[in-house]
Amino acid sequence: MFSSKSLSSFASCLVLFSLSAGIHRQASAQDGFPGDRLKELAPPNFAIGGVMGGYDTESLNTPVLDLARSEFNAVTAKAFMPFGPWADPNQPIDTSGLTQNVAWAVQNGMQVHAHVLVYPTENVRLPWFQNLPNEDVEQVLQQYTSTMAGSVSGGVWVWDVVNEVIGDNGDVMDSDGLRMGLGTGENYVPYKEYAAMGPDYIAKAFQWAHEADPNALLILNEYSAETVNDKSDRLLALCKRLRDQGVPIDGVGFQNHWLDLRYEPNYDSIRENFQRFANEGFQAFITECDVAAVQTQDPAGSPPSQEQLQRQARVFSNLLQIALEQPACKSFLMWDYTDETSWLQDTDFTLTLADRRPGFSDTVVPPGTSMFATPISGGDGVVPIAPKLAYLQMQAVLLNRPFDTYRVTSGWDWQTSYLARFGQPNLDGQFVPGSGVYVERLDDQSESWSSLKWELERIDASAYRIRNLWGDGADYLTRQPASNDDPNQILPGGTVGMQTLNEAWTSQQWFFIPAGNGGFRLVNGWAPEDGVLTREAQGQNTAGDYVPGPEVRLHPPADWSSQVWYFHRIGQ
């Protein structure tokens with residue numbers, strides 16, 4: 001009954017939200033990429049993307065960033081203390097590179113994973129910091145953390161607060177397995193952070209970050225802890241200690257640098273590891289994924305073979321599948337996403353790959369090695385930007401995944417705002433699915449209710465049908481027609497309800513417009529100019545502030561938290 005309105009009417013809503021860059025496909029860097037973009041295939045509230053470049057990005061108008069804007073819904077913005085922000089203690093902390101990159105990402109409808117506030121391994125490269133009296137270190141770290149996080153407060157989705165602090169075999173570690181410095185023997189350089197503050201520098205960094213940017217998720221980022229092993233055991237123990245101390249830690253970043261060609265990841269162990277962190281209430285993030293295809297000193301003469309590219313594609317796609325299967329996993333981010341811009345192409349450093357299992361010895365990768373470690377070729381302006389087999393396999397994983405199941409909450413008082421289907425008593429006094437929709441509190445009782453569980457069925461780029469799972473699950477969230485005495489004129493109304501599927505109805509089609517920090521505005525495809533799903537107020541309190549109520553209606557777009565909705569994935 002609503003088929004007279006086509007999906008093209010959504011264009012008017014794009015103008016209203018000024019977010020067309022986040023929805024429409026970009027042409028320049030993507031002409032040779034088949035099918036839908038990765039961001040269009042990713043489930044809502046699942047971040048997919050890559051690092052956008054150094055702190056001192058010279059230009060935000062490059063083919064590689066055009067590719068990111070077209071392909072991704074998230075980017076990693078880098079800012080290390082030694083490289084750009086605070087190389088000279090006699091100068092103020094320079095936040096301009098970070099603020100520029102975050103503003104670019106937000107303008108393009110992308111979530112920002114910011115990296116990093118405290119990175120002891122890189123801070124050893126900063127002579128003035130290493131030479132500080134120990135009694136001055138805490139004040140300097142607090143100043144840096146608070147200044148950087150505060151400069152982009154509200155614009156960052158996730159902060160890597162502390163990076164790479166769990167020791168490897170052979171490192172100098174404390175009794176909890178925290179790395180105390182870099183190197184061993186005559187080459188040992190103590191971490192200034194640990195020498196001055198002991199392990200407390202980690203907890204204090206999280207506290208400072210939370211005070212400066214209270215809405216950002218705060219995580220600890222680590223490498224070689226993806227599987228169940230001694231290092232991930234110590235990482236989990238550290239996260240639990242921090243949480244028990246009241247430290248605001250939300251989760252863990254698992255870097256996922258898979259560079260050793262001797263074996264593939266133990267996928268079952270990764271699944272088990274992610275699950276045990278999830279069981280403890282921590283969110284998981286894949287933060288820096290790259291997968292070596294080959295190790296060659298002659299990239300032009302010895303590119304990866306088809307067999308090597310197939311292996312690379314298998315690893316990328318399997319890791320993405322694991323991330324999608326785990327509701328606690330929120331992202332799949334690559335450290336670089338084009339070969340020729342990768343830190344693993346024509347390297348200028350010696351890299352040691354320590355498998356650390358019995359029967360294997362370390363592999364040393366010399367400078368000048370190229371690994372072709374990303375899903376996309378090119379990026380240097382010479383080699384064309386083009387999808388590799390790994391990209392196509394990742395695309396297939398996203399396209400063919402099962403429907404995702406969510407709980408949906410309003411941004412206005414989220415504790416009482418879980419979207420639910422009304423029930424009504426039947427002749428036997430039992431509650432059965434009704435046609436209405438409201439918001440409900442989540443508690444021990446309602447947590448099991450299927451009336452609070454919704455399945456998203458993808459239609460097209462950013463467009464979904466929203467199906468409730470109560471009963472036979474045959475009914476969909478639908479915009480209802482307005483009351484009208486003319487039976488030949490059916491106009492969109494301001495209410496929503498549950499109705500059986502009609503594939504021609506745009507009233508059952510919902511567009512997801514990013515609203516920052518993982519939230520979305522839900523815009524109905526039938527008359528989107530006034531079709532934004534909104535939680536209604538139920539009057540005002542004594543201070544004159546509006547109080548959130550249980551009713552849900554449709555309104556024109558506004559800058560209201562009542563129009564922002566969050567999707568909490570609970571399975572597939």
# chains A, B, ... in the order shown; residues from 1 in each chain; ligands from 1

$ residues_around --residues "Gln508 of chain A" --least-positions-apart "3" --cutoff "6 Å" --atoms "only C-alpha atoms" --output "number ranges by chain"
A: 465, 478, 505

$ write_last_selection --atoms "N, CA, C and O atoms" --output "mmCIF file, in the first residue's frame"
data_model
loop_
_atom_site.group_PDB
_atom_site.id
_atom_site.type_symbol
_atom_site.label_atom_id
_atom_site.label_comp_id
_atom_site.auth_asym_id
_atom_site.auth_seq_id
_atom_site.Cartn_x
_atom_site.Cartn_y
_atom_site.Cartn_z
ATOM 1 N N ARG A 465 15.276 -4.051 6.808
ATOM 2 C CA ARG A 465 13.999 -4.309 7.463
ATOM 3 C C ARG A 465 14.302 -4.749 8.892
ATOM 4 O O ARG A 465 15.311 -5.404 9.150
ATOM 5 N N THR A 478 6.975 -1.094 11.085
ATOM 6 C CA THR A 478 6.315 -0.493 9.916
ATOM 7 C C THR A 478 5.770 0.881 10.269
ATOM 8 O O THR A 478 5.144 1.064 11.329
ATOM 9 N N TRP A 505 6.552 -2.402 0.279
ATOM 10 C CA TRP A 505 6.291 -1.264 1.155
ATOM 11 C C TRP A 505 7.590 -0.597 1.598
ATOM 12 O O TRP A 505 8.421 -1.208 2.268
#

$ residues_around --residues "Arg314 of chain A" --least-positions-apart "5" --cutoff "9 Å" --atoms "only C-alpha atoms" --output "list in words"
Leu309, Leu319, Ala390, Gln393 and Met394 of chain A

$ residues_around --residues "Pro402 of chain A" --least-positions-apart "6" --cutoff "10 Å" --atoms "only C-alpha atoms" --output "list in words"
Leu324, Glu325, Leu456, Glu457, Gly571 and Gln572 of chain A

$ residues_around --residues "Trp104 of chain A" --least-positions-apart "4" --cutoff "12 Å" --atoms "only C-alpha atoms" --output "VMD selection string"
chain A and resid 21 to 22 52 57 59 to 61 65 to 66 68 to 69 74 to 77 97 to 100 108 to 112 152 155 to 156

$ closest_residue --among "A:Phe282, A:Ile385, A:Ser562, A:Ser153" --to "Ala103 of chain A" --atoms "only C-alpha atoms"
A:Ser153

$ residues_around --residues "Ile93 of chain A" --least-positions-apart "6" --cutoff "10 Å" --atoms "only C-alpha atoms" --output "PDB file with all heavy atoms, in the first residue's frame"
ATOM      1  N   MET A  81      53.243  10.416  20.957  1.00  0.00           N
ATOM      2  CA  MET A  81      53.873  11.577  21.583  1.00  0.00           C
ATOM      3  C   MET A  81      55.184  11.976  20.902  1.00  0.00           C
ATOM      4  O   MET A  81      55.409  13.172  20.655  1.00  0.00           O
ATOM      5  CB  MET A  81      54.102  11.312  23.079  1.00  0.00           C
ATOM      6  CG  MET A  81      54.638  12.532  23.823  1.00  0.00           C
ATOM      7  SD  MET A  81      54.474  12.436  25.628  1.00  0.00           S
ATOM      8  CE  MET A  81      55.722  11.234  26.036  1.00  0.00           C
ATOM      9  N   GLY A  84      55.338  14.229  16.360  1.00  0.00           N
ATOM     10  CA  GLY A  84      54.403  15.280  16.016  1.00  0.00           C
ATOM     11  C   GLY A  84      53.860  16.040  17.198  1.00  0.00           C
ATOM     12  O   GLY A  84      54.080  17.248  17.324  1.00  0.00           O
ATOM     13  N   PRO A  85      53.163  15.387  18.123  1.00  0.00           N
ATOM     14  CA  PRO A  85      52.496  16.167  19.161  1.00  0.00           C
ATOM     15  C   PRO A  85      53.412  16.867  20.158  1.00  0.00           C
ATOM     16  O   PRO A  85      53.145  17.993  20.544  1.00  0.00           O
ATOM     17  CB  PRO A  85      51.619  15.122  19.874  1.00  0.00           C
ATOM     18  CG  PRO A  85      51.417  14.050  18.863  1.00  0.00           C
ATOM     19  CD  PRO A  85      52.673  14.002  18.067  1.00  0.00           C
ATOM     20  N   TRP A  86      54.518  16.179  20.610  1.00  0.00           N
ATOM     21  CA  TRP A  86      55.278  16.784  21.698  1.00  0.00           C
ATOM     22  C   TRP A  86      56.749  16.410  21.613  1.00  0.00           C
ATOM     23  O   TRP A  86      57.343  15.925  22.561  1.00  0.00           O
ATOM     24  CB  TRP A  86      54.706  16.352  23.048  1.00  0.00           C
ATOM     25  CG  TRP A  86      54.850  17.407  24.109  1.00  0.00           C
ATOM     26  CD1 TRP A  86      55.256  18.693  23.955  1.00  0.00           C
ATOM     27  CD2 TRP A  86      54.566  17.242  25.498  1.00  0.00           C
ATOM     28  NE1 TRP A  86      55.243  19.356  25.148  1.00  0.00           N
ATOM     29  CE2 TRP A  86      54.814  18.485  26.120  1.00  0.00           C
ATOM     30  CE3 TRP A  86      54.118  16.168  26.278  1.00  0.00           C
ATOM     31  CZ2 TRP A  86      54.628  18.679  27.484  1.00  0.00           C
ATOM     32  CZ3 TRP A  86      53.937  16.369  27.632  1.00  0.00           C
ATOM     33  CH2 TRP A  86      54.179  17.613  28.233  1.00  0.00           C
ATOM     34  N   ALA A  87      57.354  16.649  20.503  1.00  0.00           N
ATOM     35  CA  ALA A  87      58.777  16.354  20.348  1.00  0.00           C
ATOM     36  C   ALA A  87      59.642  17.343  21.104  1.00  0.00           C
ATOM     37  O   ALA A  87      60.778  17.037  21.466  1.00  0.00           O
ATOM     38  CB  ALA A  87      59.154  16.370  18.863  1.00  0.00           C
ATOM     39  N   GLN A 143      49.438  15.445  31.712  1.00  0.00           N
ATOM     40  CA  GLN A 143      49.254  16.587  30.824  1.00  0.00           C
ATOM     41  C   GLN A 143      49.046  16.139  29.386  1.00  0.00           C
ATOM     42  O   GLN A 143      48.146  16.627  28.692  1.00  0.00           O
ATOM     43  CB  GLN A 143      50.465  17.528  30.924  1.00  0.00           C
ATOM     44  CG  GLN A 143      50.328  18.774  30.052  1.00  0.00           C
ATOM     45  CD  GLN A 143      51.555  19.678  30.145  1.00  0.00           C
ATOM     46  OE1 GLN A 143      52.485  19.416  30.936  1.00  0.00           O
ATOM     47  NE2 GLN A 143      51.589  20.727  29.339  1.00  0.00           N
ATOM     48  N   TYR A 144      49.874  15.195  28.943  1.00  0.00           N
ATOM     49  CA  TYR A 144      49.754  14.735  27.566  1.00  0.00           C
ATOM     50  C   TYR A 144      48.426  14.003  27.342  1.00  0.00           C
ATOM     51  O   TYR A 144      47.700  14.285  26.378  1.00  0.00           O
ATOM     52  CB  TYR A 144      50.907  13.807  27.204  1.00  0.00           C
ATOM     53  CG  TYR A 144      50.826  13.325  25.772  1.00  0.00           C
ATOM     54  CD1 TYR A 144      51.164  14.170  24.727  1.00  0.00           C
ATOM     55  CD2 TYR A 144      50.375  12.042  25.470  1.00  0.00           C
ATOM     56  CE1 TYR A 144      51.069  13.757  23.412  1.00  0.00           C
ATOM     57  CE2 TYR A 144      50.276  11.613  24.156  1.00  0.00           C
ATOM     58  CZ  TYR A 144      50.619  12.478  23.133  1.00  0.00           C
ATOM     59  OH  TYR A 144      50.502  12.060  21.839  1.00  0.00           O
ATOM     60  N   THR A 147      45.417  16.427  27.551  1.00  0.00           N
ATOM     61  CA  THR A 147      45.384  17.388  26.443  1.00  0.00           C
ATOM     62  C   THR A 147      44.952  16.715  25.147  1.00  0.00           C
ATOM     63  O   THR A 147      44.075  17.224  24.430  1.00  0.00           O
ATOM     64  CB  THR A 147      46.764  18.036  26.263  1.00  0.00           C
ATOM     65  OG1 THR A 147      47.124  18.717  27.471  1.00  0.00           O
ATOM     66  CG2 THR A 147      46.748  19.029  25.105  1.00  0.00           C
ATOM     67  N   MET A 148      45.550  15.573  24.835  1.00  0.00           N
ATOM     68  CA  MET A 148      45.220  14.907  23.578  1.00  0.00           C
ATOM     69  C   MET A 148      43.786  14.391  23.578  1.00  0.00           C
ATOM     70  O   MET A 148      43.024  14.623  22.630  1.00  0.00           O
ATOM     71  CB  MET A 148      46.198  13.762  23.324  1.00  0.00           C
ATOM     72  CG  MET A 148      47.628  14.203  23.087  1.00  0.00           C
ATOM     73  SD  MET A 148      47.851  15.326  21.673  1.00  0.00           S
ATOM     74  CE  MET A 148      47.589  14.181  20.305  1.00  0.00           C
TER      75      MET A 148
END

$ residues_around --residues "Gln509 of chain A" --least-positions-apart "4" --cutoff "7 Å" --atoms "only C-alpha atoms" --output "mmCIF file with C-alpha atoms, in the first residue's frame"
data_model
loop_
_atom_site.group_PDB
_atom_site.id
_atom_site.type_symbol
_atom_site.label_atom_id
_atom_site.label_comp_id
_atom_site.auth_asym_id
_atom_site.auth_seq_id
_atom_site.Cartn_x
_atom_site.Cartn_y
_atom_site.Cartn_z
ATOM 1 C CA ALA A 463 18.782 -0.020 4.250
ATOM 2 C CA TYR A 464 17.246 -2.739 6.422
ATOM 3 C CA ARG A 465 13.999 -4.309 7.463
ATOM 4 C CA ASN A 524 11.765 5.373 7.386
ATOM 5 C CA GLY A 525 11.733 4.986 3.601
#
